[in-house]
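Chemist: Input structure: query_29.cif, which contains mmCIF, C-alpha atoms.
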```
data_coords
#
loop_
_atom_site.label_atom_id
_atom_site.label_comp_id
_atom_site.auth_asym_id
_atom_site.auth_seq_id
_atom_site.Cartn_x
_atom_site.Cartn_y
_atom_site.Cartn_z
CA MET A 219 23.41 21.59 -53.43
CA ARG A 220 20.74 19.51 -51.70
CA ASN A 221 19.97 20.41 -48.07
CA GLU A 222 19.85 17.40 -45.82
CA ARG A 223 18.05 17.50 -42.50
CA MET A 224 20.26 16.69 -39.57
CA VAL A 225 19.22 13.36 -38.07
CA THR A 226 19.58 13.28 -34.28
CA PRO A 227 20.47 9.87 -32.86
CA LYS A 228 17.90 8.27 -30.60
CA HIS A 229 18.32 8.86 -26.89
CA ARG A 230 18.64 5.75 -24.77
CA ILE A 231 16.60 5.97 -21.60
CA ALA A 232 15.93 3.90 -18.50
CA VAL A 233 12.70 4.18 -16.53
CA ILE A 234 13.27 3.88 -12.77
CA GLY A 235 10.08 3.08 -10.88
CA LEU A 236 7.02 1.23 -12.18
CA GLY A 237 4.35 2.36 -9.72
CA MET A 238 1.10 4.29 -10.21
CA ALA A 239 2.73 7.20 -12.06
CA VAL A 240 4.35 5.13 -14.80
CA THR A 241 1.47 4.62 -17.27
CA PRO A 242 1.33 8.09 -18.93
CA HIS A 243 5.14 8.12 -19.08
CA ALA A 244 5.29 4.70 -20.73
CA LYS A 245 2.53 5.57 -23.21
CA SER A 246 4.43 8.74 -24.12
CA LEU A 247 7.69 6.86 -24.62
CA VAL A 248 5.85 4.50 -27.00
CA ASP A 249 4.54 7.55 -28.88
CA LEU A 250 8.08 8.98 -29.04
CA LYS A 251 9.78 5.75 -30.16
CA GLY A 252 11.26 7.56 -33.15
CA ARG A 253 13.28 9.74 -30.79
CA VAL A 254 13.98 7.59 -27.75
CA GLU A 255 14.66 3.93 -27.01
CA VAL A 256 13.70 2.49 -23.63
CA VAL A 257 16.62 0.27 -22.67
CA HIS A 258 15.38 -0.75 -19.24
CA ALA A 259 12.23 -0.43 -17.12
CA PHE A 260 13.33 -0.97 -13.54
CA SER A 261 11.57 -1.89 -10.34
CA PRO A 262 12.84 -3.91 -7.38
CA SER A 263 9.32 -5.42 -7.17
CA GLU A 264 8.78 -8.59 -9.21
CA ALA A 265 5.02 -8.04 -9.07
CA ARG A 266 5.31 -4.54 -10.51
CA ARG A 267 7.62 -5.70 -13.27
CA ALA A 268 5.17 -8.45 -14.20
CA ALA A 269 2.18 -6.08 -14.21
CA PHE A 270 4.10 -3.56 -16.32
CA ALA A 271 5.18 -6.23 -18.83
CA VAL A 272 1.53 -7.02 -19.62
CA LYS A 273 0.98 -3.44 -20.84
CA PHE A 274 4.27 -2.28 -22.34
CA PRO A 275 6.95 -3.87 -24.57
CA PHE A 276 10.02 -2.53 -22.77
CA PRO A 277 12.92 -4.65 -21.45
CA LEU A 278 12.61 -5.17 -17.69
CA ALA A 279 15.39 -4.77 -15.14
CA ASP A 280 15.82 -5.66 -11.48
CA ASP A 281 19.36 -4.30 -11.04
CA LEU A 282 19.74 -0.53 -10.63
CA ASP A 283 23.53 -0.75 -10.49
CA ALA A 284 23.61 -2.31 -13.96
CA ILE A 285 21.61 0.64 -15.31
CA LEU A 286 23.96 3.12 -13.68
CA ALA A 287 26.98 1.30 -15.11
CA ASP A 288 25.58 1.22 -18.67
CA LYS A 289 27.30 4.13 -20.40
CA SER A 290 25.08 3.79 -23.47
CA ILE A 291 22.13 5.08 -21.42
CA ASP A 292 22.24 8.87 -21.58
CA CYS A 293 19.07 9.73 -19.64
CA VAL A 294 16.67 8.36 -17.06
CA GLU A 295 13.13 8.97 -15.88
CA ILE A 296 12.78 8.72 -12.10
CA LEU A 297 9.21 7.84 -11.09
CA THR A 298 9.78 6.61 -7.54
CA PRO A 299 8.31 8.05 -4.29
CA PRO A 300 9.52 11.59 -3.46
CA ASN A 301 11.67 10.57 -0.50
CA THR A 302 13.91 8.48 -2.81
CA HIS A 303 14.63 11.25 -5.34
CA LEU A 304 17.70 12.84 -3.76
CA ASP A 305 19.62 9.58 -3.52
CA LEU A 306 18.66 8.47 -7.02
CA VAL A 307 19.53 11.83 -8.58
CA ARG A 308 22.88 11.74 -6.82
CA LYS A 309 23.62 8.27 -8.25
CA CYS A 310 22.40 9.06 -11.78
CA ALA A 311 24.16 12.43 -11.96
CA ALA A 312 27.41 10.83 -10.83
CA THR A 313 27.29 8.60 -13.93
CA GLY A 314 26.52 11.54 -16.25
CA LYS A 315 22.92 10.61 -16.96
CA HIS A 316 20.40 13.38 -17.68
CA ILE A 317 17.28 13.19 -15.51
CA LEU A 318 13.56 13.73 -15.98
CA LEU A 319 12.04 13.61 -12.51
CA GLU A 320 8.43 13.02 -11.49
CA LYS A 321 7.10 15.75 -9.23
CA PRO A 322 7.69 16.82 -6.48
CA LEU A 323 11.44 17.31 -6.42
CA GLU A 324 11.73 15.89 -2.90
CA VAL A 325 9.96 15.77 0.47
CA SER A 326 11.42 19.09 1.66
CA THR A 327 12.65 22.19 -0.11
CA GLU A 328 16.03 21.78 1.57
CA ARG A 329 16.44 18.34 0.02
CA ALA A 330 14.98 19.62 -3.26
CA ALA A 331 17.53 22.45 -3.44
CA GLU A 332 20.34 20.00 -2.72
CA LEU A 333 19.06 17.76 -5.52
CA VAL A 334 19.02 20.64 -8.01
CA GLU A 335 22.54 21.67 -7.02
CA ILE A 336 23.85 18.10 -7.42
CA ALA A 337 22.55 17.99 -11.00
CA ARG A 338 24.00 21.44 -11.74
CA LYS A 339 27.46 20.54 -10.43
CA ALA A 340 27.45 17.27 -12.37
CA GLY A 341 26.57 19.12 -15.57
CA VAL A 342 23.50 16.98 -16.28
CA THR A 343 20.15 18.28 -17.47
CA LEU A 344 17.34 18.07 -14.91
CA GLY A 345 13.71 18.33 -15.98
CA VAL A 346 10.60 17.98 -13.81
CA MET A 347 7.22 16.49 -14.73
CA LEU A 348 4.81 19.37 -14.09
CA GLN A 349 2.74 18.72 -17.17
CA HIS A 350 -0.14 21.18 -16.69
CA ARG A 351 2.01 23.89 -18.33
CA PHE A 352 1.70 21.94 -21.59
CA ARG A 353 -2.07 21.75 -21.73
CA PRO A 354 -3.07 23.44 -25.02
CA ALA A 355 -5.40 25.90 -23.27
CA ALA A 356 -2.63 26.90 -20.87
CA LEU A 357 -0.24 27.44 -23.78
CA LYS A 358 -2.85 29.60 -25.53
CA LEU A 359 -3.47 31.70 -22.43
CA ARG A 360 0.26 32.21 -21.88
CA ALA A 361 0.66 33.38 -25.48
CA MET A 362 -2.28 35.78 -25.12
CA MET A 363 -0.80 37.22 -21.93
CA ARG A 364 2.58 37.73 -23.58
CA GLU A 365 0.83 39.63 -26.37
CA GLY A 366 -0.85 41.86 -23.80
CA ALA A 367 -4.41 40.64 -24.46
CA LEU A 368 -5.32 40.76 -20.77
CA GLY A 369 -3.45 43.97 -19.95
CA ARG A 370 -1.92 44.47 -16.52
CA ILE A 371 -2.97 41.71 -14.10
CA VAL A 372 -4.79 42.85 -10.97
CA ASN A 373 -5.95 39.48 -9.62
CA CYS A 374 -5.15 35.80 -10.02
CA SER A 375 -7.09 33.26 -7.96
CA THR A 376 -6.84 29.48 -8.03
CA VAL A 377 -9.29 26.78 -6.94
CA ILE A 378 -8.17 23.15 -6.64
CA ARG A 379 -11.13 21.12 -5.38
CA LEU A 380 -10.29 17.46 -5.83
CA TRP A 381 -11.54 14.22 -4.33
CA ARG A 382 -9.55 11.36 -2.88
CA PRO A 383 -11.39 8.66 -0.90
CA GLN A 384 -10.02 7.45 2.42
CA SER A 385 -8.83 4.27 0.69
CA TYR A 386 -6.33 6.42 -1.22
CA TYR A 387 -4.72 7.58 2.03
CA ASP A 388 -4.89 4.12 3.58
CA VAL A 389 -2.08 3.03 1.24
CA GLU A 390 1.15 3.00 3.25
CA GLY A 391 3.04 6.29 3.01
CA ARG A 392 0.31 8.29 1.25
CA GLY A 393 -0.12 11.77 2.63
CA THR A 394 2.80 11.44 5.05
CA LYS A 395 5.68 13.84 5.56
CA ALA A 396 8.23 11.02 5.45
CA ARG A 397 7.34 9.61 2.02
CA ASP A 398 5.34 12.31 0.21
CA GLY A 399 6.50 15.45 1.99
CA GLY A 400 2.95 16.68 2.62
CA GLY A 401 -0.65 16.50 1.50
CA VAL A 402 -2.82 18.29 -1.05
CA LEU A 403 -0.35 21.07 -1.86
CA ILE A 404 2.79 19.10 -2.71
CA THR A 405 1.13 15.95 -4.03
CA GLN A 406 -1.93 17.13 -5.97
CA GLY A 407 -2.06 20.93 -6.04
CA ILE A 408 1.57 21.38 -7.10
CA HIS A 409 0.63 21.02 -10.80
CA THR A 410 -1.93 23.83 -10.81
CA LEU A 411 0.14 26.02 -8.45
CA ASP A 412 3.12 25.69 -10.80
CA LEU A 413 0.95 26.64 -13.77
CA MET A 414 -0.47 29.60 -11.83
CA LEU A 415 3.02 30.91 -11.02
CA SER A 416 4.14 30.48 -14.63
CA LEU A 417 1.19 32.60 -15.78
CA ALA A 418 0.81 35.28 -13.11
CA GLY A 419 4.38 35.55 -11.87
CA PRO A 420 5.99 35.19 -8.45
CA ILE A 421 4.07 35.57 -5.19
CA SER A 422 5.69 37.79 -2.57
CA GLU A 423 3.59 37.09 0.55
CA VAL A 424 0.95 34.72 1.89
CA ARG A 425 -1.62 34.49 4.66
CA ALA A 426 -3.27 31.09 5.04
CA TYR A 427 -5.17 28.43 6.93
CA ALA A 428 -4.09 24.78 6.50
CA MET A 429 -5.62 21.76 8.19
CA THR A 430 -6.62 18.13 8.00
CA SER A 431 -10.39 18.03 7.59
CA SER A 432 -12.74 15.55 9.25
CA VAL A 433 -13.25 13.93 5.83
CA HIS A 434 -9.90 12.11 5.98
CA ARG A 435 -7.66 10.31 8.44
CA MET A 436 -4.16 11.34 7.38
CA GLU A 437 -1.03 13.00 8.73
CA THR A 438 -0.83 16.06 6.51
CA GLU A 439 -3.12 18.76 5.13
CA ASP A 440 -6.12 18.07 2.88
CA LEU A 441 -7.66 21.57 3.12
CA VAL A 442 -5.91 24.93 2.55
CA ALA A 443 -7.24 28.45 2.05
CA ALA A 444 -4.84 31.34 1.39
CA ALA A 445 -4.74 34.99 0.42
CA VAL A 446 -1.70 35.96 -1.64
CA LYS A 447 0.02 39.05 -2.99
CA TYR A 448 2.02 38.83 -6.21
CA GLU A 449 5.28 40.69 -6.81
CA SER A 450 3.47 42.62 -9.55
CA GLY A 451 1.07 44.05 -6.95
CA ALA A 452 -1.85 41.80 -7.95
CA ILE A 453 -3.71 39.95 -5.22
CA GLY A 454 -5.60 36.66 -5.17
CA THR A 455 -6.69 33.57 -3.30
CA ILE A 456 -5.75 29.88 -3.34
CA ASP A 457 -8.27 27.22 -2.29
CA ALA A 458 -6.98 23.63 -2.34
CA THR A 459 -8.47 20.38 -1.06
CA THR A 460 -8.85 16.66 -1.73
CA ALA A 461 -12.08 16.54 0.31
CA ALA A 462 -14.44 17.88 -2.40
CA TYR A 463 -16.53 14.93 -3.61
CA PRO A 464 -16.67 13.93 -6.46
CA GLY A 465 -13.85 16.22 -7.66
CA PHE A 466 -14.02 19.33 -9.85
CA PRO A 467 -11.84 20.85 -12.59
CA GLU A 468 -8.98 22.93 -11.23
CA ARG A 469 -9.61 26.59 -12.01
CA ILE A 470 -7.27 29.55 -12.50
CA GLU A 471 -9.00 32.89 -12.97
CA ILE A 472 -7.00 35.94 -13.99
CA ILE A 473 -8.44 39.45 -14.01
CA GLY A 474 -6.64 41.97 -16.19
CA GLU A 475 -7.27 45.56 -17.17
CA LYS A 476 -8.45 44.44 -20.64
CA ALA A 477 -10.01 41.00 -20.08
CA THR A 478 -10.77 38.22 -17.61
CA ALA A 479 -9.51 34.70 -18.28
CA SER A 480 -10.88 31.49 -16.81
CA LEU A 481 -8.81 28.34 -17.22
CA ALA A 482 -10.93 25.43 -15.98
CA GLY A 483 -9.31 22.03 -16.33
CA SER A 484 -8.33 21.85 -19.99
CA ASP A 485 -10.70 24.56 -21.21
CA LEU A 486 -10.18 28.31 -21.59
CA VAL A 487 -12.61 31.24 -21.79
CA VAL A 488 -11.37 34.83 -22.09
CA ALA A 489 -13.95 37.64 -21.86
CA HIS A 490 -12.57 40.84 -23.42
CA HIS A 491 -13.79 44.30 -22.41
CA ASP A 492 -14.72 45.04 -26.02
CA GLY A 493 -17.29 42.23 -25.99
CA ARG A 494 -15.24 39.55 -27.75
CA VAL A 495 -14.95 36.09 -26.20
CA THR A 496 -11.99 33.83 -26.88
CA GLU A 497 -12.60 30.14 -26.15
CA MET A 498 -10.69 26.90 -26.38
CA LYS A 499 -12.62 23.75 -25.55
CA THR A 500 -10.88 20.37 -25.50
CA GLU A 501 -11.93 16.75 -25.36
CA TYR A 502 -9.89 16.13 -22.22
CA GLY A 503 -12.26 17.52 -19.59
CA ALA A 504 -11.00 17.71 -16.02
CA GLY A 505 -9.21 14.37 -15.69
CA GLY A 506 -7.65 13.07 -12.49
CA THR A 507 -9.76 15.22 -10.18
CA GLY A 508 -11.74 12.37 -8.66
CA ALA A 509 -11.20 8.96 -7.12
CA ASP A 510 -9.00 7.82 -10.04
CA PRO A 511 -6.03 10.20 -10.03
CA MET A 512 -4.72 8.74 -13.31
CA ALA A 513 -7.87 9.44 -15.34
CA PHE A 514 -6.31 11.75 -17.91
CA PRO A 515 -4.66 11.43 -21.34
CA ASN A 516 -0.88 11.19 -21.72
CA ASP A 517 -0.68 14.10 -24.19
CA TRP A 518 0.76 16.55 -21.66
CA HIS A 519 3.31 14.03 -20.36
CA ARG A 520 4.38 13.41 -23.96
CA ALA A 521 4.87 17.14 -24.47
CA VAL A 522 7.08 17.43 -21.36
CA ILE A 523 9.18 14.44 -22.44
CA ALA A 524 9.51 15.82 -25.98
CA ASP A 525 10.64 19.17 -24.57
CA PHE A 526 13.17 17.35 -22.36
CA LEU A 527 14.57 15.51 -25.40
CA ASP A 528 14.68 18.82 -27.32
CA ALA A 529 16.60 20.35 -24.43
CA LEU A 530 19.19 17.56 -24.63
CA ASP A 531 19.53 17.95 -28.41
CA GLN A 532 19.70 21.74 -28.25
CA LYS A 533 21.87 21.85 -25.12
CA ARG A 534 19.44 24.11 -23.27
CA GLU A 535 17.41 23.98 -20.09
CA PRO A 536 14.04 22.21 -20.34
CA ALA A 537 10.91 24.33 -19.95
CA ILE A 538 10.45 23.04 -16.41
CA SER A 539 13.93 22.81 -14.94
CA GLY A 540 14.87 22.01 -11.37
CA SER A 541 15.27 25.68 -10.54
CA GLU A 542 11.81 26.40 -12.02
CA ALA A 543 10.27 23.65 -9.88
CA LEU A 544 11.87 25.07 -6.73
CA LYS A 545 9.61 28.14 -7.08
CA VAL A 546 6.43 26.20 -6.40
CA HIS A 547 8.10 24.31 -3.54
CA ARG A 548 8.92 27.61 -1.86
CA LEU A 549 5.36 28.85 -2.30
CA ILE A 550 4.03 25.65 -0.69
CA ASP A 551 6.43 26.10 2.23
CA ALA A 552 5.16 29.66 2.74
CA MET A 553 1.50 28.57 2.65
CA LEU A 554 2.05 25.84 5.23
CA GLU A 555 4.11 28.13 7.47
CA ALA A 556 1.42 30.81 7.27
CA GLY A 557 -1.22 28.21 8.12
CA ALA A 558 0.75 26.97 11.11
CA THR A 559 1.71 30.36 12.54
CA GLY A 560 -1.18 32.63 11.57
CA ARG A 561 1.31 35.21 10.35
CA THR A 562 1.96 36.79 6.97
CA VAL A 563 4.85 34.88 5.41
CA HIS A 564 7.13 36.22 2.72
CA VAL A 565 7.93 33.73 -0.04
CA ARG A 566 11.62 33.07 -0.52
CA ALA A 567 12.83 34.17 -3.93
CA ASN A 568 15.69 31.63 -4.09
#
```
Is it possible to give me this structure as structure tokens?
Modeler:
Amino acid sequence: MRNERMVTPKHRIAVIGLGMAVTPHAKSLVDLKGRVEVVHAFSPSEARRAAFAVKFPFPLADDLDAILADKSIDCVEILTPPNTHLDLVRKCAATGKHILLEKPLEVSTERAAELVEIARKAGVTLGVMLQHRFRPAALKLRAMMREGALGRIVNCSTVIRLWRPQSYYDVEGRGTKARDGGGVLITQGIHTLDLMLSLAGPISEVRAYAMTSSVHRMETEDLVAAAVKYESGAIGTIDATTAAYPGFPERIEIIGEKATASLAGSDLVVAHHDGRVTEMKTEYGAGGTGADPMAFPNDWHRAVIADFLDALDQKREPAISGSEALKVHRLIDAMLEAGATGRTVHVRAN
């Protein structure tokens, strides 16, 4: 008897929001056209729809209600500003649509937790675009750690020294609590902080300084320095800024009993105590660390979207679910509270 491979029907998706974040998503959806059909690309802005149409061959839409009412659409990507996420997730979940959400979840952890609970109660799958976990070097390091190549971890420290010119923050809403929910931690650093947590495990307590430097005129923080203690007993530091011209690769360094690993941008070097060196160099470089925050390939976005589609087909949680994303939100809250109060702050577990 001949075995026939099960053919999974294409998912039908709508893209909600055609701003700065849309390009790597749209490129990835083109790459994944064998698995997913873009039914609508929505923006209330005629100018944004026109600019998007020049680059991508997807049907445009100016009516969100029509998308919500279309029962043939089984999933959506929400790429709008953070302060709109809760309302949009509520509307999409109410119509049974699965959701892949651009980071961060929302402008506050309270609103983020409410968003995650809405999706859970509606029975829809919620994935979050925190794509650094899917960088090949990060995947290799995670596999090595699971195999015990580093041994017990005694230190994990993270450096996020990025550059954003003042013109970046002069755009209305950028770096504000009302629209973005914060500054360097929740808008830029969240990717590397999420990857750090996924590698080294939960952080139990934080001491920190957080401020707006003289480099920028903005409402929220652009400079943070923290000392952290992991639940495992390891200690480390976190250094995050958007004031470091011209921008440098984000770096996660993990010291273990058997080896030390350095994950710099998209490249990995592991120095083993027996003299061996494990390396993975990529063509991607740092990407997005300087004045152009979108200067990176769409490979990692494509991997997150593919995992999201797999999760729908396999009826499982995506690799980066809403509950997973809440962990980095709670760490950011603790860092900012520690910076504001000067006290040691314990990170909420849930």
Chemist: Care to translate the PyMOL selection byres ((chain A and resi 286) around 12) into actual residues of this file, as number ranges by chain?
Modeler: A: 231-234, 257-258, 260, 279, 281-285, 287-294, 306-316
Chemist: Between A:Asn516, A:Ser422, A:Ser480, A:Thr343, which is the closest to A:Ala567 once you count all atoms listed in the file?
Modeler: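 When distances to A:Ala567 are compared using all atoms listed in the file, the smallest one comes from A:Ser422.
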Chemist: Got a sec: who's within 7 Å of A:Ile371, counting all atoms listed in the file, leaving out chain neighbours fewer than 3 positions off, as a list in words?
Modeler: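 Contacts, in chain order: Ala452, Ile473, Gly474 and Glu475 of chain A.
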Chemist: Taking only C-alpha atoms into account, which of A:Gly454, A:Gly493, A:Gly560, A:Gly401 comes nearest A:Asn373?
Modeler: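 Of all the options, A:Gly454 lies closest to A:Asn373.
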Chemist: Counting all atoms listed in the file, give me one row per residue of stretch 255-326 of chain A with an atom at most 6 Å from an atom of stretch 346-358 of chain A, showing the shortest contact pair and its distance in Å to one decimal, sorted by chain then residue number, as JSON lines.
Modeler:
```
{"residue": "A:Leu318", "atom": "CA", "partner": "A:Val346", "partner_atom": "CA", "distance": 5.6}
{"residue": "A:Leu319", "atom": "CA", "partner": "A:Val346", "partner_atom": "CA", "distance": 4.8}
{"residue": "A:Glu320", "atom": "CA", "partner": "A:Met347", "partner_atom": "CA", "distance": 4.9}
{"residue": "A:Lys321", "atom": "CA", "partner": "A:Met347", "partner_atom": "CA", "distance": 5.6}
```
Chemist: Which residues would end up in the selection if the PyMOL selection byres ((chain A and resi 456-462) around 7) were applied here, given that I need the answer as a VMD selection string?
Modeler: chain A and resid 375 to 382 402 407 433 440 to 445 455 463 to 465
Chemist: Mind checking which residues fall within 10 Å of A:Val495, counting only C-alpha atoms, ignoring those fewer than 5 positions away in the same chain, and posting them as a list in words?
Modeler: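 Answer for this query is Ala477, Thr478, Ala479, Val487, Val488, Ala489 and His490 of chain A.
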Chemist: What does the distance from atom CA of A:His519 to atom CA of A:Lys533 come to in Å, to one decimal?
Modeler: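 Distance reported for this atom pair: 20.7 Å.
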Chemist: Do you have the atom CA of A:Arg425-atom CA of A:Leu486 distance handy?
Modeler: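 According to the coordinates, atom CA of A:Arg425 and atom CA of A:Leu486 are separated by 28.3 Å.
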Chemist: Name all residues at most 9 Å from A:Ala239 (count only C-alpha atoms; drop same-chain ones fewer than 4 positions away) and give them as an MDAnalysis selection string.
Modeler: chainID A and resid 235 243 297:298 320 512
Chemist: At most 10 Å from (9.1, -2.8, -8.7), file frame, only C-alpha atoms: which residues, as a PyMOL selection string?
Modeler: chain A and resi 234-237+259-270+278-280+298
Chemist: Show me the residues close to (-6.6, 15.4, -28.1) - anything with an atom within 10 Å, counting all atoms listed in the file - and format the list as a list in words.
Modeler: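 Here the neighbourhood of the point contains Pro354, Thr500, Glu501, Tyr502, Pro515, Asn516, Asp517 and Trp518 of chain A.
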Chemist: Please compute the atom CA of A:Val254-atom CA of A:Arg230 distance, one decimal, in Å.
Modeler: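 Computing it gives 5.8 Å between the two atoms.
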Chemist: Would you mind putting all heavy atoms back on stretch 553-561 of chain A and writing the result as a PDB file, in the coordinates of the input?
Modeler:
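Below is the file that was written, rebuild21.pdb:
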```
ATOM      1  N   MET A 553       2.907  28.789   2.330  1.00  0.00           N
ATOM      2  CA  MET A 553       1.500  28.570   2.650  1.00  0.00           C
ATOM      3  C   MET A 553       1.339  27.737   3.914  1.00  0.00           C
ATOM      4  O   MET A 553       0.506  28.047   4.776  1.00  0.00           O
ATOM      5  CB  MET A 553       0.798  27.893   1.472  1.00  0.00           C
ATOM      6  CG  MET A 553       0.672  28.784   0.238  1.00  0.00           C
ATOM      7  SD  MET A 553       0.030  27.902  -1.212  1.00  0.00           S
ATOM      8  CE  MET A 553      -1.661  27.603  -0.715  1.00  0.00           C
ATOM      9  N   LEU A 554       2.144  26.693   4.040  1.00  0.00           N
ATOM     10  CA  LEU A 554       2.050  25.840   5.230  1.00  0.00           C
ATOM     11  C   LEU A 554       2.553  26.555   6.473  1.00  0.00           C
ATOM     12  O   LEU A 554       1.980  26.413   7.556  1.00  0.00           O
ATOM     13  CB  LEU A 554       2.824  24.536   4.992  1.00  0.00           C
ATOM     14  CG  LEU A 554       2.224  23.606   3.935  1.00  0.00           C
ATOM     15  CD1 LEU A 554       3.120  22.406   3.710  1.00  0.00           C
ATOM     16  CD2 LEU A 554       0.815  23.150   4.344  1.00  0.00           C
ATOM     17  N   GLU A 555       3.614  27.350   6.333  1.00  0.00           N
ATOM     18  CA  GLU A 555       4.110  28.130   7.470  1.00  0.00           C
ATOM     19  C   GLU A 555       3.075  29.154   7.906  1.00  0.00           C
ATOM     20  O   GLU A 555       2.825  29.347   9.110  1.00  0.00           O
ATOM     21  CB  GLU A 555       5.420  28.818   7.110  1.00  0.00           C
ATOM     22  CG  GLU A 555       6.014  29.612   8.273  1.00  0.00           C
ATOM     23  CD  GLU A 555       7.280  30.358   7.910  1.00  0.00           C
ATOM     24  OE1 GLU A 555       7.867  30.070   6.847  1.00  0.00           O
ATOM     25  OE2 GLU A 555       7.678  31.248   8.699  1.00  0.00           O
ATOM     26  N   ALA A 556       2.452  29.828   6.940  1.00  0.00           N
ATOM     27  CA  ALA A 556       1.420  30.810   7.270  1.00  0.00           C
ATOM     28  C   ALA A 556       0.239  30.140   7.960  1.00  0.00           C
ATOM     29  O   ALA A 556      -0.341  30.683   8.911  1.00  0.00           O
ATOM     30  CB  ALA A 556       0.963  31.535   6.010  1.00  0.00           C
ATOM     31  N   GLY A 557      -0.125  28.938   7.500  1.00  0.00           N
ATOM     32  CA  GLY A 557      -1.220  28.210   8.120  1.00  0.00           C
ATOM     33  C   GLY A 557      -0.910  27.775   9.534  1.00  0.00           C
ATOM     34  O   GLY A 557      -1.795  27.742  10.393  1.00  0.00           O
ATOM     35  N   ALA A 558       0.349  27.444   9.790  1.00  0.00           N
ATOM     36  CA  ALA A 558       0.750  26.970  11.110  1.00  0.00           C
ATOM     37  C   ALA A 558       0.933  28.098  12.116  1.00  0.00           C
ATOM     38  O   ALA A 558       0.688  27.916  13.317  1.00  0.00           O
ATOM     39  CB  ALA A 558       2.052  26.168  11.000  1.00  0.00           C
ATOM     40  N   THR A 559       1.353  29.268  11.633  1.00  0.00           N
ATOM     41  CA  THR A 559       1.710  30.360  12.540  1.00  0.00           C
ATOM     42  C   THR A 559       0.649  31.460  12.625  1.00  0.00           C
ATOM     43  O   THR A 559       0.635  32.230  13.587  1.00  0.00           O
ATOM     44  CB  THR A 559       3.022  31.018  12.103  1.00  0.00           C
ATOM     45  OG1 THR A 559       2.854  31.619  10.802  1.00  0.00           O
ATOM     46  CG2 THR A 559       4.147  29.994  12.037  1.00  0.00           C
ATOM     47  N   GLY A 560      -0.213  31.557  11.606  1.00  0.00           N
ATOM     48  CA  GLY A 560      -1.180  32.630  11.570  1.00  0.00           C
ATOM     49  C   GLY A 560      -0.595  33.973  11.180  1.00  0.00           C
ATOM     50  O   GLY A 560      -1.273  34.998  11.250  1.00  0.00           O
ATOM     51  N   ARG A 561       0.644  33.966  10.719  1.00  0.00           N
ATOM     52  CA  ARG A 561       1.310  35.210  10.350  1.00  0.00           C
ATOM     53  C   ARG A 561       1.399  35.339   8.831  1.00  0.00           C
ATOM     54  O   ARG A 561       1.261  34.363   8.094  1.00  0.00           O
ATOM     55  CB  ARG A 561       2.738  35.249  10.924  1.00  0.00           C
ATOM     56  CG  ARG A 561       2.804  35.217  12.442  1.00  0.00           C
ATOM     57  CD  ARG A 561       4.186  35.633  12.923  1.00  0.00           C
ATOM     58  NE  ARG A 561       5.217  34.729  12.426  1.00  0.00           N
ATOM     59  CZ  ARG A 561       5.702  33.700  13.107  1.00  0.00           C
ATOM     60  NH1 ARG A 561       5.239  33.426  14.320  1.00  0.00           N
ATOM     61  NH2 ARG A 561       6.651  32.941  12.605  1.00  0.00           N
TER      62      ARG A 561
END
```
